[in-house]
Amino acid sequence: MTTTAMRRTAAVLAGAGAAAACALLAAPAANADTATCPATGGQVAAVTVGDASCASESVGGSAALAIGTDGTADADANAAGLSLAIAQNGGAATSESGYLSAPAAVAVGPGASVITLGVRPGLSIGIAGPGATVVVDGVNRPTCSGGLAFAGDFQTFQGCLSTQ
């Protein structure tokens, strides 16, 4: 195994560990407000419940799902795309898919922010913990900053990891 391959493998494993740690540390309280917005095949959905809000929109042949649990989530799916946005405990997640793309945005904790864009065929994911910011634009290398964060983008075959 080459040094580059070993580094990439280590980054993926570290990112998965970081994502698991974020999920465990920022688990919502049992009484947290949750807004769920599924949209398939040309639907639009928007819900606000207390501190939780979500919005999703899709066109024919696509699907979007936004879930806000004491957070704000927005998912839009264009032709033949899938889009997922999950925001929890003060996070903000935005995901928008284009043709044959499937981006996912997960923002967990106060100040967490994730934007994922699917502009080319492929999968992408961005996960941010408290205070972190992730941007996956599908063209440039993803960026991770400000806290525990991870991104992987099969549109550009690049990723990032922040352990601040």
# chains A, B, ... in the order shown; residues from 1 in each chain; ligands from 1
$ residues_around --residues "Leu65 in chain A" --least-positions-apart "2" --cutoff "9 Å" --atoms "only C-alpha atoms" --output "PyMOL selection string"
chain A and resi 36-40+54-57+63+67+73-77+82-86
$ residues_around --residues "Gly98 in chain A" --least-positions-apart "3" --cutoff "12 Å" --atoms "only C-alpha atoms" --output "ChimeraX atom specification"
/A:58-59,61-64,75-83,95,101-103,116-124,137-138,155
$ write_last_selection --atoms "N, CA, C and O atoms" --output "compact mmCIF listing (two decimals), in the first residue's frame"
# COMPACT_ATOMS: atom_id res chain seq x y z
N SER A 58 -38.64 18.90 -4.62
CA SER A 58 -38.12 17.97 -5.62
C SER A 58 -38.87 18.18 -6.94
O SER A 58 -39.94 18.77 -6.97
N VAL A 59 -38.27 17.69 -8.00
CA VAL A 59 -38.93 17.67 -9.30
C VAL A 59 -39.22 16.22 -9.63
O VAL A 59 -38.77 15.31 -8.92
N GLY A 61 -39.11 12.53 -10.69
CA GLY A 61 -37.97 11.61 -10.79
C GLY A 61 -36.87 11.86 -9.80
O GLY A 61 -35.77 11.34 -9.94
N SER A 62 -37.13 12.65 -8.76
CA SER A 62 -36.11 12.93 -7.74
C SER A 62 -36.75 12.84 -6.36
O SER A 62 -37.96 12.71 -6.22
N ALA A 63 -35.91 12.92 -5.32
CA ALA A 63 -36.41 12.88 -3.95
C ALA A 63 -35.51 13.69 -3.04
O ALA A 63 -34.29 13.69 -3.19
N ALA A 64 -36.15 14.39 -2.08
CA ALA A 64 -35.41 15.18 -1.10
C ALA A 64 -36.00 14.92 0.28
O ALA A 64 -37.21 14.74 0.42
N ALA A 75 -33.39 20.78 1.89
CA ALA A 75 -32.94 19.83 0.86
C ALA A 75 -33.73 20.08 -0.43
O ALA A 75 -34.96 20.17 -0.40
N ASP A 76 -33.01 20.19 -1.54
CA ASP A 76 -33.62 20.37 -2.85
C ASP A 76 -33.05 19.33 -3.81
O ASP A 76 -31.83 19.13 -3.85
N ALA A 77 -33.95 18.70 -4.58
CA ALA A 77 -33.52 17.67 -5.52
C ALA A 77 -34.00 18.01 -6.92
O ALA A 77 -35.19 18.22 -7.14
N ASN A 78 -33.06 18.08 -7.86
CA ASN A 78 -33.38 18.31 -9.26
C ASN A 78 -33.44 16.98 -9.99
O ASN A 78 -33.27 15.93 -9.38
N ALA A 79 -33.68 16.98 -11.29
CA ALA A 79 -33.93 15.78 -12.08
C ALA A 79 -32.98 14.63 -11.76
O ALA A 79 -31.76 14.79 -11.80
N ALA A 80 -33.56 13.49 -11.45
CA ALA A 80 -32.83 12.26 -11.17
C ALA A 80 -31.81 12.41 -10.05
O ALA A 80 -30.78 11.74 -10.04
N GLY A 81 -32.08 13.27 -9.09
CA GLY A 81 -31.17 13.48 -7.96
C GLY A 81 -31.81 13.09 -6.64
O GLY A 81 -33.03 12.99 -6.52
N LEU A 82 -30.96 12.85 -5.66
CA LEU A 82 -31.39 12.58 -4.28
C LEU A 82 -30.69 13.59 -3.39
O LEU A 82 -29.50 13.87 -3.57
N SER A 83 -31.40 14.11 -2.40
CA SER A 83 -30.81 15.11 -1.52
C SER A 83 -31.26 14.86 -0.09
O SER A 83 -32.44 14.61 0.17
N SER A 95 -28.61 20.96 1.44
CA SER A 95 -28.18 20.00 0.43
C SER A 95 -28.98 20.23 -0.85
O SER A 95 -30.20 20.39 -0.80
N SER A 101 -26.85 13.07 -8.95
CA SER A 101 -26.01 13.30 -7.77
C SER A 101 -26.82 13.02 -6.51
O SER A 101 -28.04 13.02 -6.52
N ALA A 102 -26.10 12.75 -5.43
CA ALA A 102 -26.75 12.44 -4.15
C ALA A 102 -25.93 13.02 -3.00
O ALA A 102 -25.16 12.32 -2.35
N PRO A 103 -26.07 14.31 -2.74
CA PRO A 103 -25.37 14.91 -1.61
C PRO A 103 -26.13 14.73 -0.30
O PRO A 103 -27.37 14.69 -0.29
N THR A 116 -23.84 21.10 1.03
CA THR A 116 -23.37 20.13 0.04
C THR A 116 -24.15 20.35 -1.26
O THR A 116 -25.37 20.47 -1.25
N LEU A 117 -23.41 20.41 -2.36
CA LEU A 117 -24.01 20.59 -3.67
C LEU A 117 -23.63 19.44 -4.58
O LEU A 117 -22.45 19.09 -4.68
N GLY A 118 -24.62 18.86 -5.22
CA GLY A 118 -24.36 17.83 -6.22
C GLY A 118 -24.48 18.44 -7.60
O GLY A 118 -25.60 18.67 -8.06
N VAL A 119 -23.36 18.74 -8.23
CA VAL A 119 -23.38 19.37 -9.54
C VAL A 119 -22.96 18.42 -10.65
O VAL A 119 -23.12 18.74 -11.82
N ARG A 120 -22.42 17.27 -10.27
CA ARG A 120 -22.02 16.23 -11.22
C ARG A 120 -22.51 14.90 -10.68
O ARG A 120 -22.76 14.78 -9.48
N PRO A 121 -22.61 13.88 -11.50
CA PRO A 121 -23.00 12.58 -10.98
C PRO A 121 -22.04 12.12 -9.88
O PRO A 121 -20.83 12.27 -10.00
N GLY A 122 -22.61 11.61 -8.80
CA GLY A 122 -21.79 11.08 -7.71
C GLY A 122 -22.38 11.39 -6.34
O GLY A 122 -23.29 12.19 -6.20
N LEU A 123 -21.82 10.73 -5.36
CA LEU A 123 -22.22 10.90 -3.97
C LEU A 123 -21.32 11.91 -3.30
O LEU A 123 -20.15 12.05 -3.65
N SER A 124 -21.85 12.58 -2.27
CA SER A 124 -21.01 13.44 -1.44
C SER A 124 -21.67 13.53 -0.07
O SER A 124 -22.88 13.41 0.06
N ASP A 137 -18.79 21.77 -2.77
CA ASP A 137 -19.44 22.41 -3.92
C ASP A 137 -19.43 21.54 -5.18
O ASP A 137 -19.97 21.92 -6.20
N GLY A 138 -18.81 20.37 -5.12
CA GLY A 138 -18.81 19.45 -6.25
C GLY A 138 -17.82 19.79 -7.34
O GLY A 138 -17.68 19.05 -8.31
N GLN A 155 -17.64 13.34 -6.44
CA GLN A 155 -17.68 14.13 -7.67
C GLN A 155 -16.27 14.60 -8.03
O GLN A 155 -15.91 14.68 -9.20
$ atom_distance --atom1 "CA of Gly90 in chain A" --atom2 "CA of Pro142 in chain A"
22.3 Å
$ select_by_dssp --residues "chain A" --states "strand (DSSP E or B)" --output "ChimeraX atom specification"
/A:34-40,44-49,52-58,63-69,72-77,82-88,92-97,101-108,113-118,122-128,133-136,143-145,148-153,158-163
$ closest_residue --among "A:Val135, A:Gly68, A:Gly159, A:Ala32" --to "Thr48 in chain A" --atoms "only C-alpha atoms"
A:Gly68
$ closest_residue --among "A:Ala35, A:Val106, A:Ala66, A:Val114" --to "Ala52 in chain A" --atoms "only C-alpha atoms"
A:Ala35
$ closest_residue --among "A:Ala46, A:Gly129, A:Tyr99, A:Thr69" --to "Thr34 in chain A" --atoms "only C-alpha atoms"
A:Thr69
$ atom_distance --atom1 "CA of Gly131 in chain A" --atom2 "CA of Thr156 in chain A"
25.4 Å
$ select_by_dssp --residues "chain A" --states "helix (DSSP H, G or I)" --output "number ranges by chain"
A: 3-25
$ atom_distance --atom1 "CA of Val49 in chain A" --atom2 "CA of Phe150 in chain A"
28.5 Å
